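Raw protein12.csv, CSV, C-alpha atoms:
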```csv
chain,number,residue,atom,x,y,z
A,1,MET,CA,11.5,-45.1,-46.6
A,2,ILE,CA,14.2,-44.9,-43.8
A,3,ASN,CA,13.9,-41.1,-43.8
A,4,ASP,CA,10.1,-41.3,-43.5
A,5,GLU,CA,10.4,-43.6,-40.5
A,6,SER,CA,12.9,-41.4,-38.7
A,7,GLY,CA,10.7,-38.4,-39.4
A,8,GLN,CA,7.8,-40.2,-37.8
A,9,VAL,CA,9.9,-41.1,-34.8
A,10,LYS,CA,10.9,-37.4,-34.4
A,11,ILE,CA,7.3,-36.3,-34.7
A,12,GLN,CA,6.4,-38.9,-32.0
A,13,GLN,CA,9.2,-37.6,-29.7
A,14,MET,CA,8.0,-34.1,-30.2
A,15,ALA,CA,4.4,-35.1,-29.5
A,16,PHE,CA,5.4,-36.9,-26.2
A,17,MET,CA,7.5,-33.9,-25.2
A,18,LEU,CA,4.6,-31.5,-25.9
A,19,ILE,CA,2.2,-33.7,-23.9
A,20,ALA,CA,4.6,-33.9,-21.0
A,21,VAL,CA,5.2,-30.1,-20.9
A,22,THR,CA,1.5,-29.4,-21.2
A,23,LEU,CA,0.6,-31.8,-18.4
A,24,PHE,CA,3.2,-30.3,-16.2
A,25,LEU,CA,2.0,-26.8,-16.8
A,26,VAL,CA,-1.6,-27.9,-16.2
A,27,VAL,CA,-0.7,-29.5,-12.9
A,28,ALA,CA,1.3,-26.4,-11.8
A,29,GLY,CA,-1.5,-24.1,-12.9
A,30,MET,CA,-4.1,-26.1,-10.9
A,31,PHE,CA,-1.8,-26.0,-7.9
A,32,ILE,CA,-1.6,-22.2,-8.1
A,33,LEU,CA,-5.4,-21.9,-8.6
A,34,VAL,CA,-6.1,-24.1,-5.5
A,35,ILE,CA,-3.9,-21.8,-3.4
A,36,ARG,CA,-5.5,-18.7,-4.9
A,37,PHE,CA,-9.0,-19.9,-4.2
A,38,SER,CA,-8.3,-21.0,-0.7
A,39,SER,CA,-6.9,-17.5,0.1
A,40,LEU,CA,-10.0,-16.0,-1.5
A,41,ARG,CA,-12.2,-18.1,0.8
A,42,GLY,CA,-10.2,-16.8,3.8
A,43,THR,CA,-10.6,-13.2,2.6
A,44,ALA,CA,-14.4,-13.7,2.2
A,45,GLU,CA,-14.7,-15.2,5.7
A,46,LEU,CA,-12.7,-12.3,7.1
A,47,LEU,CA,-14.9,-9.8,5.4
A,48,GLU,CA,-18.0,-11.6,6.7
A,49,GLU,CA,-16.7,-11.5,10.2
A,50,ARG,CA,-15.7,-7.9,9.9
A,51,ASN,CA,-19.2,-6.9,8.6
A,52,ALA,CA,-20.9,-8.7,11.5
A,53,LEU,CA,-18.6,-7.1,14.0
A,54,LEU,CA,-19.1,-3.7,12.4
A,55,LEU,CA,-22.9,-4.0,12.8
A,56,ALA,CA,-22.4,-4.5,16.5
A,57,SER,CA,-20.0,-1.6,16.7
A,58,LYS,CA,-22.3,0.6,14.6
A,59,LEU,CA,-25.1,0.1,17.1
A,60,ALA,CA,-22.7,0.6,20.1
A,61,ASP,CA,-21.6,3.9,18.6
A,62,SER,CA,-25.2,5.1,17.9
A,63,PRO,CA,-26.2,8.2,20.0
A,64,GLU,CA,-28.7,6.1,22.0
A,65,PHE,CA,-25.9,3.9,23.4
A,66,SER,CA,-22.5,5.6,23.0
A,67,CYS,CA,-20.5,7.3,25.7
A,68,GLY,CA,-20.1,10.5,23.6
A,69,ASN,CA,-17.9,12.9,25.5
A,70,ALA,CA,-19.3,12.0,28.9
A,71,PHE,CA,-16.2,10.1,29.9
A,72,GLY,CA,-13.5,12.5,28.6
A,73,THR,CA,-12.7,12.2,24.9
A,74,ALA,CA,-15.0,10.5,22.4
A,75,ARG,CA,-14.4,6.8,22.3
A,76,SER,CA,-15.4,4.1,19.9
A,77,ASN,CA,-17.0,0.8,21.1
A,78,CYS,CA,-18.0,2.5,24.4
A,79,ILE,CA,-21.6,2.2,25.9
A,80,ASP,CA,-22.9,4.5,28.5
A,81,THR,CA,-24.9,2.1,30.7
A,82,ASP,CA,-26.7,4.9,32.6
A,83,LYS,CA,-28.1,6.1,29.3
A,84,VAL,CA,-29.1,2.6,28.3
A,85,MET,CA,-30.9,2.0,31.5
A,86,ALA,CA,-32.9,5.2,31.0
A,87,LEU,CA,-33.6,4.1,27.4
A,88,THR,CA,-35.1,0.8,28.6
A,89,PHE,CA,-38.1,2.7,30.0
A,90,ARG,CA,-38.8,4.3,26.6
A,91,LEU,CA,-38.5,1.3,24.4
A,92,GLN,CA,-42.1,1.6,23.1
A,93,ASN,CA,-40.9,4.7,21.2
A,94,TYR,CA,-38.1,2.7,19.5
A,95,SER,CA,-40.1,-0.1,17.8
A,96,GLY,CA,-38.2,-1.2,14.7
A,97,PHE,CA,-35.8,1.7,15.1
A,98,TRP,CA,-32.6,-0.3,15.0
A,99,GLY,CA,-33.7,-2.8,12.3
A,100,VAL,CA,-32.5,-5.8,14.3
A,101,ASP,CA,-34.4,-8.5,16.2
A,102,GLY,CA,-32.4,-8.5,19.4
A,103,ILE,CA,-30.0,-6.3,21.4
A,104,GLU,CA,-28.3,-7.4,24.6
A,105,ILE,CA,-25.5,-6.0,26.6
A,106,ARG,CA,-23.5,-8.3,28.8
A,107,ARG,CA,-20.8,-7.6,31.4
A,108,ILE,CA,-17.8,-9.9,31.0
A,109,TYR,CA,-15.3,-8.6,33.5
A,110,PRO,CA,-15.7,-8.4,36.5
A,111,ALA,CA,-17.6,-11.7,36.0
A,112,GLY,CA,-21.0,-12.0,37.6
A,113,THR,CA,-23.9,-14.4,37.8
A,114,GLY,CA,-25.8,-13.2,34.8
A,115,THR,CA,-28.4,-11.2,36.7
A,116,GLU,CA,-30.7,-9.1,34.5
A,117,CYS,CA,-30.5,-5.4,35.2
A,118,SER,CA,-33.5,-3.4,36.6
A,119,LEU,CA,-33.8,-0.1,38.3
A,120,GLU,CA,-33.6,-1.8,41.7
A,121,ASN,CA,-30.3,-3.7,41.2
A,122,TYR,CA,-28.4,-1.5,38.8
A,123,PRO,CA,-25.4,-1.3,38.6
A,124,ALA,CA,-24.9,-4.6,40.6
A,125,CYS,CA,-26.1,-6.6,37.6
A,126,ASP,CA,-24.7,-8.2,34.5
A,127,ARG,CA,-27.2,-8.1,31.6
A,128,ILE,CA,-29.3,-5.4,29.9
A,129,THR,CA,-31.8,-6.7,27.4
A,130,ILE,CA,-33.0,-4.0,25.1
A,131,LEU,CA,-34.7,-6.1,22.5
A,132,ASP,CA,-35.4,-9.8,23.4
A,133,SER,CA,-35.0,-12.3,20.6
A,134,GLU,CA,-34.5,-16.1,20.8
A,135,LYS,CA,-34.3,-16.8,17.1
A,136,GLY,CA,-31.9,-15.5,14.4
A,137,THR,CA,-28.2,-15.1,13.8
A,138,GLY,CA,-26.3,-13.6,16.7
A,139,VAL,CA,-23.2,-11.4,16.3
A,140,SER,CA,-21.3,-9.8,19.1
A,141,ASN,CA,-18.3,-7.5,19.8
A,142,PHE,CA,-16.4,-6.3,22.7
A,143,VAL,CA,-17.4,-2.9,24.2
A,144,SER,CA,-16.5,-0.7,27.2
A,145,LEU,CA,-19.4,-0.4,29.6
A,146,CYS,CA,-19.0,3.0,31.3
A,147,ARG,CA,-21.1,4.7,34.0
A,148,LYS,CA,-20.8,7.4,36.7
A,149,GLU,CA,-20.2,6.1,40.2
A,150,GLN,CA,-20.7,7.9,43.4
A,151,GLY,CA,-18.1,7.5,46.2
A,152,THR,CA,-16.7,10.5,48.1
A,153,PHE,CA,-17.0,12.2,44.8
A,154,ILE,CA,-18.4,11.2,41.4
A,155,TYR,CA,-16.0,9.3,39.1
A,156,ASP,CA,-16.0,7.3,35.8
A,157,LYS,CA,-16.1,3.5,36.0
A,158,CYS,CA,-15.6,1.4,32.9
A,159,GLU,CA,-16.0,-2.4,32.7
A,160,LEU,CA,-15.6,-4.9,29.9
A,161,GLY,CA,-18.6,-6.2,28.1
A,162,ARG,CA,-20.1,-7.5,24.9
A,163,ILE,CA,-22.9,-6.2,22.8
A,164,ILE,CA,-24.9,-9.0,21.2
A,165,ILE,CA,-27.1,-8.3,18.1
A,166,THR,CA,-29.5,-10.8,16.7
A,167,TYR,CA,-31.0,-10.4,13.3
A,168,GLY,CA,-32.9,-12.5,10.6
A,169,ASP,CA,-34.5,-15.9,11.2
B,1,MET,CA,25.9,-46.3,-37.9
B,2,VAL,CA,27.6,-45.6,-34.6
B,3,SER,CA,27.7,-41.9,-35.3
B,4,LYS,CA,24.0,-41.9,-36.2
B,5,ILE,CA,23.1,-43.5,-32.7
B,6,THR,CA,25.4,-41.0,-30.9
B,7,LYS,CA,23.7,-38.1,-32.7
B,8,LYS,CA,20.3,-39.5,-31.7
B,9,ASN,CA,21.4,-39.9,-28.1
B,10,LYS,CA,22.7,-36.4,-28.0
B,11,ARG,CA,19.5,-35.0,-29.3
B,12,ALA,CA,17.5,-37.0,-26.7
B,13,GLN,CA,19.8,-35.7,-24.0
B,14,GLU,CA,19.2,-32.1,-25.2
B,15,GLU,CA,15.5,-32.6,-25.1
B,16,ILE,CA,15.7,-34.0,-21.5
B,17,VAL,CA,17.8,-31.0,-20.5
B,18,GLY,CA,15.2,-28.7,-22.0
B,19,PHE,CA,12.4,-30.4,-20.1
B,20,ALA,CA,14.5,-30.2,-16.9
B,21,VAL,CA,15.0,-26.4,-17.4
B,22,ILE,CA,11.2,-25.9,-17.8
B,23,VAL,CA,10.6,-28.0,-14.7
B,24,ILE,CA,13.1,-25.9,-12.7
B,25,ILE,CA,11.7,-22.6,-13.9
B,26,VAL,CA,8.1,-23.5,-13.1
B,27,SER,CA,9.2,-24.9,-9.7
B,28,ILE,CA,11.0,-21.7,-8.8
B,29,ILE,CA,7.9,-19.7,-9.7
B,30,LEU,CA,5.8,-22.0,-7.6
B,31,ILE,CA,8.1,-21.7,-4.6
B,32,PHE,CA,8.0,-17.8,-4.8
B,33,PHE,CA,4.2,-18.0,-5.1
B,34,LEU,CA,4.0,-20.3,-2.0
B,35,VAL,CA,6.3,-18.1,0.1
B,36,PHE,CA,4.3,-15.0,-0.7
B,37,SER,CA,0.9,-16.6,-0.1
B,38,LEU,CA,2.1,-18.2,3.2
B,39,SER,CA,3.7,-15.0,4.5
B,40,ASP,CA,0.4,-13.1,3.8
B,41,ARG,CA,-1.5,-15.6,5.9
B,42,ALA,CA,0.9,-15.9,8.8
B,43,GLU,CA,-0.5,-12.9,10.8
B,44,THR,CA,-3.7,-11.0,9.9
B,45,GLU,CA,-5.5,-8.2,11.6
B,46,SER,CA,-8.7,-9.0,13.5
B,47,TYR,CA,-11.4,-6.5,14.2
B,48,GLU,CA,-12.6,-8.4,17.2
B,49,SER,CA,-9.1,-8.3,18.8
B,50,GLU,CA,-8.9,-4.6,18.0
B,51,SER,CA,-12.2,-4.0,19.8
B,52,PHE,CA,-11.1,-6.2,22.7
B,53,LEU,CA,-7.8,-4.4,23.1
B,54,GLN,CA,-9.4,-1.0,22.9
B,55,SER,CA,-12.1,-1.9,25.5
B,56,SER,CA,-9.6,-3.5,27.8
B,57,LEU,CA,-7.5,-0.3,27.8
B,58,TYR,CA,-10.5,1.7,29.0
B,59,TYR,CA,-11.2,-0.7,31.9
B,60,THR,CA,-11.1,1.1,35.3
B,61,SER,CA,-8.6,-0.7,37.5
B,62,SER,CA,-8.5,-0.8,41.3
B,63,CYS,CA,-5.3,1.3,41.4
B,64,SER,CA,-5.8,4.9,42.4
B,65,ASP,CA,-3.6,7.9,42.0
B,66,ASN,CA,-4.6,11.3,43.6
B,67,GLY,CA,-7.9,9.8,44.6
B,68,GLU,CA,-8.7,8.8,41.0
B,69,LEU,CA,-9.1,5.2,39.8
B,70,LEU,CA,-6.8,4.7,36.8
B,71,PRO,CA,-7.9,3.1,33.6
B,72,VAL,CA,-5.7,0.3,32.3
B,73,GLN,CA,-4.0,2.6,29.7
B,74,ASP,CA,-2.9,5.0,32.4
B,75,LEU,CA,-1.8,2.1,34.6
B,76,VAL,CA,0.5,1.0,31.9
B,77,PHE,CA,2.4,4.3,32.2
B,78,SER,CA,2.5,4.0,36.0
B,79,CYS,CA,3.9,0.5,35.6
B,80,TYR,CA,6.5,1.8,33.1
B,81,GLY,CA,7.5,4.4,35.7
B,82,GLU,CA,7.7,1.7,38.4
B,83,GLU,CA,5.1,3.7,40.5
B,84,GLU,CA,2.9,2.5,43.3
B,85,CYS,CA,-0.9,2.8,43.8
B,86,GLU,CA,-2.2,4.8,46.8
B,87,ASN,CA,-2.8,1.6,48.7
B,88,GLY,CA,0.9,0.6,48.4
B,89,GLU,CA,0.4,-2.0,45.7
B,90,GLU,CA,2.8,-2.0,42.8
B,91,ALA,CA,1.2,-0.6,39.6
B,92,CYS,CA,2.8,-3.5,37.6
B,93,ALA,CA,1.3,-6.1,39.9
B,94,VAL,CA,-2.2,-4.5,39.6
B,95,LEU,CA,-1.8,-4.3,35.8
B,96,ASN,CA,-0.8,-7.9,35.5
B,97,GLU,CA,-3.6,-9.1,37.7
B,98,THR,CA,-6.3,-7.0,35.9
B,99,LEU,CA,-5.2,-8.0,32.4
B,100,LYS,CA,-5.0,-11.7,33.4
B,101,GLY,CA,-8.5,-11.5,34.8
B,102,ILE,CA,-9.9,-9.7,31.7
B,103,LEU,CA,-8.2,-12.3,29.4
B,104,GLU,CA,-9.4,-15.3,31.3
B,105,GLU,CA,-13.0,-14.1,31.3
B,106,SER,CA,-12.9,-13.0,27.7
B,107,TRP,CA,-11.3,-15.9,25.8
B,108,GLN,CA,-11.6,-19.7,26.3
B,109,VAL,CA,-8.5,-21.3,25.1
B,110,GLY,CA,-7.5,-25.0,24.6
B,111,GLU,CA,-7.5,-27.9,22.2
B,112,ASP,CA,-11.3,-28.1,22.3
B,113,PHE,CA,-11.9,-24.4,21.4
B,114,PRO,CA,-11.3,-22.5,18.2
B,115,VAL,CA,-8.8,-20.3,19.9
B,116,LYS,CA,-5.7,-22.4,20.9
B,117,GLY,CA,-3.9,-19.6,22.7
B,118,TYR,CA,-3.3,-15.9,23.1
B,119,LYS,CA,-0.4,-13.5,23.8
B,120,LEU,CA,-0.6,-10.0,25.1
B,121,GLU,CA,2.5,-7.9,25.2
B,122,ILE,CA,3.2,-4.3,26.3
B,123,PHE,CA,6.5,-2.9,25.3
B,124,SER,CA,8.3,0.4,25.0
B,125,GLU,CA,11.1,1.1,22.6
B,126,GLU,CA,13.7,-0.2,25.0
B,127,GLU,CA,12.0,-2.8,27.1
B,128,ASN,CA,9.2,-5.3,27.4
B,129,ILE,CA,6.9,-4.0,30.2
B,130,LEU,CA,4.5,-7.0,30.5
B,131,SER,CA,3.8,-10.2,28.7
B,132,ILE,CA,0.9,-12.6,29.3
B,133,ARG,CA,0.6,-15.9,27.4
B,134,GLU,CA,-1.9,-18.7,27.6
B,135,GLY,CA,-2.4,-21.9,25.6
B,136,ASN,CA,-0.5,-23.0,22.5
B,137,ILE,CA,1.2,-20.5,20.2
B,138,THR,CA,0.5,-21.9,16.7
B,139,SER,CA,1.6,-20.6,13.3
B,140,SER,CA,-1.9,-19.2,12.4
B,141,SER,CA,-2.8,-16.0,14.3
B,142,LYS,CA,-4.9,-12.9,14.2
B,143,GLY,CA,-4.3,-9.8,16.2
B,144,ALA,CA,-4.2,-6.1,16.8
B,145,GLN,CA,-1.7,-3.5,18.0
B,146,GLN,CA,-2.3,-0.2,19.6
B,147,LEU,CA,0.1,2.7,20.3
B,148,LEU,CA,-0.8,4.4,23.6
B,149,PRO,CA,-1.5,8.2,23.1
B,150,LYS,CA,1.0,9.7,25.5
B,151,GLY,CA,4.5,11.1,25.4
B,152,ILE,CA,6.5,7.9,25.7
B,153,PRO,CA,5.8,5.5,22.8
B,154,ILE,CA,4.3,2.4,24.4
B,155,ARG,CA,2.8,-0.3,22.2
B,156,VAL,CA,0.3,-2.9,23.2
B,157,SER,CA,0.0,-6.0,21.0
B,158,PHE,CA,-2.6,-8.8,21.3
B,159,ASN,CA,-2.6,-12.0,19.3
B,160,LEU,CA,-5.0,-14.9,19.1
B,161,TYR,CA,-3.7,-18.3,17.9
B,162,TYR,CA,-6.0,-20.7,16.0
```

For this file, produce the structure as C-alpha cells.
Amino acid sequence: MINDESGQVKIQQMAFMLIAVTLFLVVAGMFILVIRFSSLRGTAELLEERNALLLASKLADSPEFSCGNAFGTARSNCIDTDKVMALTFRLQNYSGFWGVDGIEIRRIYPAGTGTECSLENYPACDRITILDSEKGTGVSNFVSLCRKEQGTFIYDKCELGRIIITYGD
Amino acid sequence: MVSKITKKNKRAQEEIVGFAVIVIIVSIILIFFLVFSLSDRAETESYESESFLQSSLYYTSSCSDNGELLPVQDLVFSCYGEEECENGEEACAVLNETLKGILEESWQVGEDFPVKGYKLEIFSEEENILSIREGNITSSSKGAQQLLPKGIPIRVSFNLYY
C-alpha cells in the first residue's frame, strides 16, 4: 500500500517535471519563431523595395533614356536629358511601349522651382513628363541627369535627379 | 524514517538541478540566436542608397581643372591631393559644399521623417578625407559603399539611419 503511494507520488513528480520542461521548450520555440518571422517580414519588405527601385532603374537604363557611351564610359542610372527631350516629340510612337502608366524625370540638385521642361526653356527647367498619370503606385530612384553644354567649348554636365514611375491603379 | 526523507530530498534536488541545466542550455542557445539575428539586422545594404551614391559621384561640380568641370568623383581625388580649383578655391571646400547641398536636397531628416539621420564618409587607407553627418545616428541603418576606380584606393560610404 505504502509502495503504491510512493510510486504514484513519483509518477506525479515525473509528470510535473515533463509538463514544466515541455512548457519551457514551447515558450522558447515560440520566441525563436517570432524572431524568425519578424526577420522574414523585413526581408520581404527589402525585396519589395528592391523590385520597385529596379523597375525605375530598368527604365532609366533602357536605350531611349540611358546615357550610353555619350558621356565617357557606360554608366548605370544615368539619363541623357537631350535624348529624352527629343523623345518627347515622338511620344505618339511609344504608346504602351514601357508598360507603365506614368514616367516623370525630376531634377533634385541644383534645386529649382519645379518648372516643366519645353523646347523653349530647356535646360533651365526641372521636370520632364514623358507619360502623365495621376493615379497608381509611384516608385522612384536616384539618377544622374546628363547633357551636353556649350560654353567656350562643349562639355558634359551631370546633375542629380529622380525618375518616378507610376503603375497600376 | 530520517534516511528515507533525506533520500527523497536528494532526489528532488537532483531533479531541480536537471531542470536548471535544461534551462541554462536553452538560454545559451537563445542568446546565440539573438546575437546572430541582431547582428544581421544592424546594417543592411540599400539599393536606393547605392543609386544615390552612384548618381552623386557623377554630379558635375563647379570646380574646374584645365578648363574642364570636374565630376564629384574626380574632385575627391583633387581633395585628397590637397589641390585647388582654377578659380583658387580649395577642392576640399568645393567638395564639402557640393555634397552638403546634394544631401540636403535629397534627404529630409528628423524625428517626423522615416529617415532620422545620415552619414557620408570618404576615406583612404590612411586618413578620413571628408565626413558629413546630419540628424540622429540610430542603431538601425541601411547604406552603400563604393570604391572609386582610380589608382589610390578611396572608399565612399553612405548610411541612412531609421

Contacts of segment 148-154 of chain B within 8 Å, all atoms listed in the file, excl. fewer than 6 positions in-chain, as a PDB file with C-alpha atoms, in the coordinates of the input:
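The result, written out as selection-v6.pdb:
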```pdb
ATOM      1  CA  GLN B  73      -4.000   2.600  29.700  1.00  0.00           C
ATOM      2  CA  ILE B 122       3.200  -4.300  26.300  1.00  0.00           C
ATOM      3  CA  PHE B 123       6.500  -2.900  25.300  1.00  0.00           C
ATOM      4  CA  SER B 124       8.300   0.400  25.000  1.00  0.00           C
ATOM      5  CA  GLU B 125      11.100   1.100  22.600  1.00  0.00           C
TER       6      GLU B 125
END
```

Quiz item: Please, which residues are within 9 Å of (-4.0, -18.1, 16.6) by the file's coordinates, counting all atoms listed in the file, and could they come as a PyMOL selection string?
Solution: chain B and resi 43+114-118+136-143+159-162

For chain A versus chain B, which residues have an atom no more than 8 Å away, and what is each residue's nearest atom pair and distance in Å rounded to one decimal, using only C-alpha atoms, chain-then-number order, as CSV?
```
residue,atom,partner,partner_atom,distance
A:Met17,CA,B:Phe19,CA,7.9
A:Val21,CA,B:Phe19,CA,7.3
A:Phe24,CA,B:Val23,CA,7.9
A:Leu25,CA,B:Val26,CA,7.9
A:Ala28,CA,B:Val26,CA,7.5
A:Ile32,CA,B:Leu30,CA,7.4
A:Ile35,CA,B:Ser37,CA,7.8
A:Ser39,CA,B:Ser37,CA,7.9
A:Arg50,CA,B:Tyr47,CA,6.2
A:Leu53,CA,B:Glu48,CA,6.9
A:Asn77,CA,B:Ser51,CA,6.9
A:Cys78,CA,B:Ser55,CA,7.4
A:Ile108,CA,B:Glu105,CA,6.4
A:Tyr109,CA,B:Ile102,CA,5.8
A:Pro110,CA,B:Ile102,CA,7.6
A:Ala111,CA,B:Glu105,CA,7.0
A:Asn141,CA,B:Glu48,CA,6.3
A:Phe142,CA,B:Phe52,CA,5.3
A:Val143,CA,B:Ser55,CA,5.5
A:Ser144,CA,B:Ser55,CA,4.9
A:Tyr155,CA,B:Glu68,CA,7.6
A:Asp156,CA,B:Thr60,CA,7.9
A:Lys157,CA,B:Thr60,CA,5.6
A:Cys158,CA,B:Tyr59,CA,5.0
A:Glu159,CA,B:Tyr59,CA,5.2
A:Leu160,CA,B:Ser55,CA,6.4
```

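Reported to one decimal place, the separation of atom CA of Glu134 of chain B from atom CA of Gly110 of chain B is 8.9 Å.
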
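Of note, atom CA of Gly112 of chain A and atom CA of Arg127 of chain A are spaced 9.5 Å apart.
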
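Across the structure, atom CA of Cys67 of chain A and atom CA of Leu87 of chain A are spaced 13.6 Å apart.
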
Could N, CA and C atoms be built for segment 90-116 of chain A and written out as a PDB file, in the coordinates of the input?
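The resulting result37.pdb:
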```
ATOM      1  N   ARG A  90     -38.181   3.658  27.744  1.00  0.00           N
ATOM      2  CA  ARG A  90     -38.800   4.300  26.600  1.00  0.00           C
ATOM      3  C   ARG A  90     -38.783   3.451  25.357  1.00  0.00           C
ATOM      4  N   LEU A  91     -38.660   2.154  25.544  1.00  0.00           N
ATOM      5  CA  LEU A  91     -38.500   1.300  24.400  1.00  0.00           C
ATOM      6  C   LEU A  91     -39.669   1.248  23.442  1.00  0.00           C
ATOM      7  N   GLN A  92     -40.870   1.574  23.961  1.00  0.00           N
ATOM      8  CA  GLN A  92     -42.100   1.600  23.100  1.00  0.00           C
ATOM      9  C   GLN A  92     -41.939   2.606  21.972  1.00  0.00           C
ATOM     10  N   ASN A  93     -41.103   3.657  22.204  1.00  0.00           N
ATOM     11  CA  ASN A  93     -40.900   4.700  21.200  1.00  0.00           C
ATOM     12  C   ASN A  93     -39.883   4.229  20.101  1.00  0.00           C
ATOM     13  N   TYR A  94     -39.214   3.138  20.343  1.00  0.00           N
ATOM     14  CA  TYR A  94     -38.100   2.700  19.500  1.00  0.00           C
ATOM     15  C   TYR A  94     -38.454   1.423  18.675  1.00  0.00           C
ATOM     16  N   SER A  95     -39.732   1.145  18.520  1.00  0.00           N
ATOM     17  CA  SER A  95     -40.100  -0.100  17.800  1.00  0.00           C
ATOM     18  C   SER A  95     -39.627  -0.078  16.383  1.00  0.00           C
ATOM     19  N   GLY A  96     -38.804  -1.071  16.041  1.00  0.00           N
ATOM     20  CA  GLY A  96     -38.200  -1.200  14.700  1.00  0.00           C
ATOM     21  C   GLY A  96     -37.182  -0.178  14.344  1.00  0.00           C
ATOM     22  N   PHE A  97     -36.766   0.620  15.315  1.00  0.00           N
ATOM     23  CA  PHE A  97     -35.800   1.700  15.100  1.00  0.00           C
ATOM     24  C   PHE A  97     -34.441   1.222  14.620  1.00  0.00           C
ATOM     25  N   TRP A  98     -33.939   0.150  15.256  1.00  0.00           N
ATOM     26  CA  TRP A  98     -32.600  -0.300  15.000  1.00  0.00           C
ATOM     27  C   TRP A  98     -32.512  -1.317  13.802  1.00  0.00           C
ATOM     28  N   GLY A  99     -33.632  -1.843  13.395  1.00  0.00           N
ATOM     29  CA  GLY A  99     -33.700  -2.800  12.300  1.00  0.00           C
ATOM     30  C   GLY A  99     -33.065  -4.144  12.591  1.00  0.00           C
ATOM     31  N   VAL A 100     -32.985  -4.500  13.859  1.00  0.00           N
ATOM     32  CA  VAL A 100     -32.500  -5.800  14.300  1.00  0.00           C
ATOM     33  C   VAL A 100     -33.533  -6.455  15.191  1.00  0.00           C
ATOM     34  N   ASP A 101     -33.399  -7.776  15.413  1.00  0.00           N
ATOM     35  CA  ASP A 101     -34.400  -8.500  16.200  1.00  0.00           C
ATOM     36  C   ASP A 101     -34.047  -8.454  17.731  1.00  0.00           C
ATOM     37  N   GLY A 102     -32.775  -8.455  18.026  1.00  0.00           N
ATOM     38  CA  GLY A 102     -32.400  -8.500  19.400  1.00  0.00           C
ATOM     39  C   GLY A 102     -31.150  -7.687  19.739  1.00  0.00           C
ATOM     40  N   ILE A 103     -31.147  -7.037  20.882  1.00  0.00           N
ATOM     41  CA  ILE A 103     -30.000  -6.300  21.400  1.00  0.00           C
ATOM     42  C   ILE A 103     -29.795  -6.598  22.833  1.00  0.00           C
ATOM     43  N   GLU A 104     -28.621  -7.102  23.175  1.00  0.00           N
ATOM     44  CA  GLU A 104     -28.300  -7.400  24.600  1.00  0.00           C
ATOM     45  C   GLU A 104     -26.934  -6.941  24.928  1.00  0.00           C
ATOM     46  N   ILE A 105     -26.791  -6.408  26.127  1.00  0.00           N
ATOM     47  CA  ILE A 105     -25.500  -6.000  26.600  1.00  0.00           C
ATOM     48  C   ILE A 105     -25.081  -6.794  27.784  1.00  0.00           C
ATOM     49  N   ARG A 106     -23.929  -7.449  27.738  1.00  0.00           N
ATOM     50  CA  ARG A 106     -23.500  -8.300  28.800  1.00  0.00           C
ATOM     51  C   ARG A 106     -22.185  -7.857  29.413  1.00  0.00           C
ATOM     52  N   ARG A 107     -22.087  -7.909  30.730  1.00  0.00           N
ATOM     53  CA  ARG A 107     -20.800  -7.600  31.400  1.00  0.00           C
ATOM     54  C   ARG A 107     -19.966  -8.860  31.399  1.00  0.00           C
ATOM     55  N   ILE A 108     -18.700  -8.730  30.998  1.00  0.00           N
ATOM     56  CA  ILE A 108     -17.800  -9.900  31.000  1.00  0.00           C
ATOM     57  C   ILE A 108     -16.853  -9.856  32.185  1.00  0.00           C
ATOM     58  N   TYR A 109     -16.276  -8.681  32.421  1.00  0.00           N
ATOM     59  CA  TYR A 109     -15.300  -8.600  33.500  1.00  0.00           C
ATOM     60  C   TYR A 109     -15.549  -7.255  34.271  1.00  0.00           C
ATOM     61  N   PRO A 110     -15.759  -7.258  35.578  1.00  0.00           N
ATOM     62  CA  PRO A 110     -15.700  -8.400  36.500  1.00  0.00           C
ATOM     63  C   PRO A 110     -16.888  -9.379  36.199  1.00  0.00           C
ATOM     64  N   ALA A 111     -16.603 -10.682  36.284  1.00  0.00           N
ATOM     65  CA  ALA A 111     -17.600 -11.700  36.000  1.00  0.00           C
ATOM     66  C   ALA A 111     -18.699 -11.691  37.058  1.00  0.00           C
ATOM     67  N   GLY A 112     -19.917 -11.916  36.637  1.00  0.00           N
ATOM     68  CA  GLY A 112     -21.000 -12.000  37.600  1.00  0.00           C
ATOM     69  C   GLY A 112     -21.822 -13.245  37.428  1.00  0.00           C
ATOM     70  N   THR A 113     -23.055 -13.225  37.867  1.00  0.00           N
ATOM     71  CA  THR A 113     -23.900 -14.400  37.800  1.00  0.00           C
ATOM     72  C   THR A 113     -24.894 -14.368  36.661  1.00  0.00           C
ATOM     73  N   GLY A 114     -24.867 -13.302  35.886  1.00  0.00           N
ATOM     74  CA  GLY A 114     -25.800 -13.200  34.800  1.00  0.00           C
ATOM     75  C   GLY A 114     -27.118 -12.547  35.133  1.00  0.00           C
ATOM     76  N   THR A 115     -27.155 -11.787  36.216  1.00  0.00           N
ATOM     77  CA  THR A 115     -28.400 -11.200  36.700  1.00  0.00           C
ATOM     78  C   THR A 115     -28.866 -10.080  35.709  1.00  0.00           C
ATOM     79  N   GLU A 116     -30.153 -10.110  35.391  1.00  0.00           N
ATOM     80  CA  GLU A 116     -30.700  -9.100  34.500  1.00  0.00           C
ATOM     81  C   GLU A 116     -30.824  -7.758  35.253  1.00  0.00           C
TER      82      GLU A 116
END
```
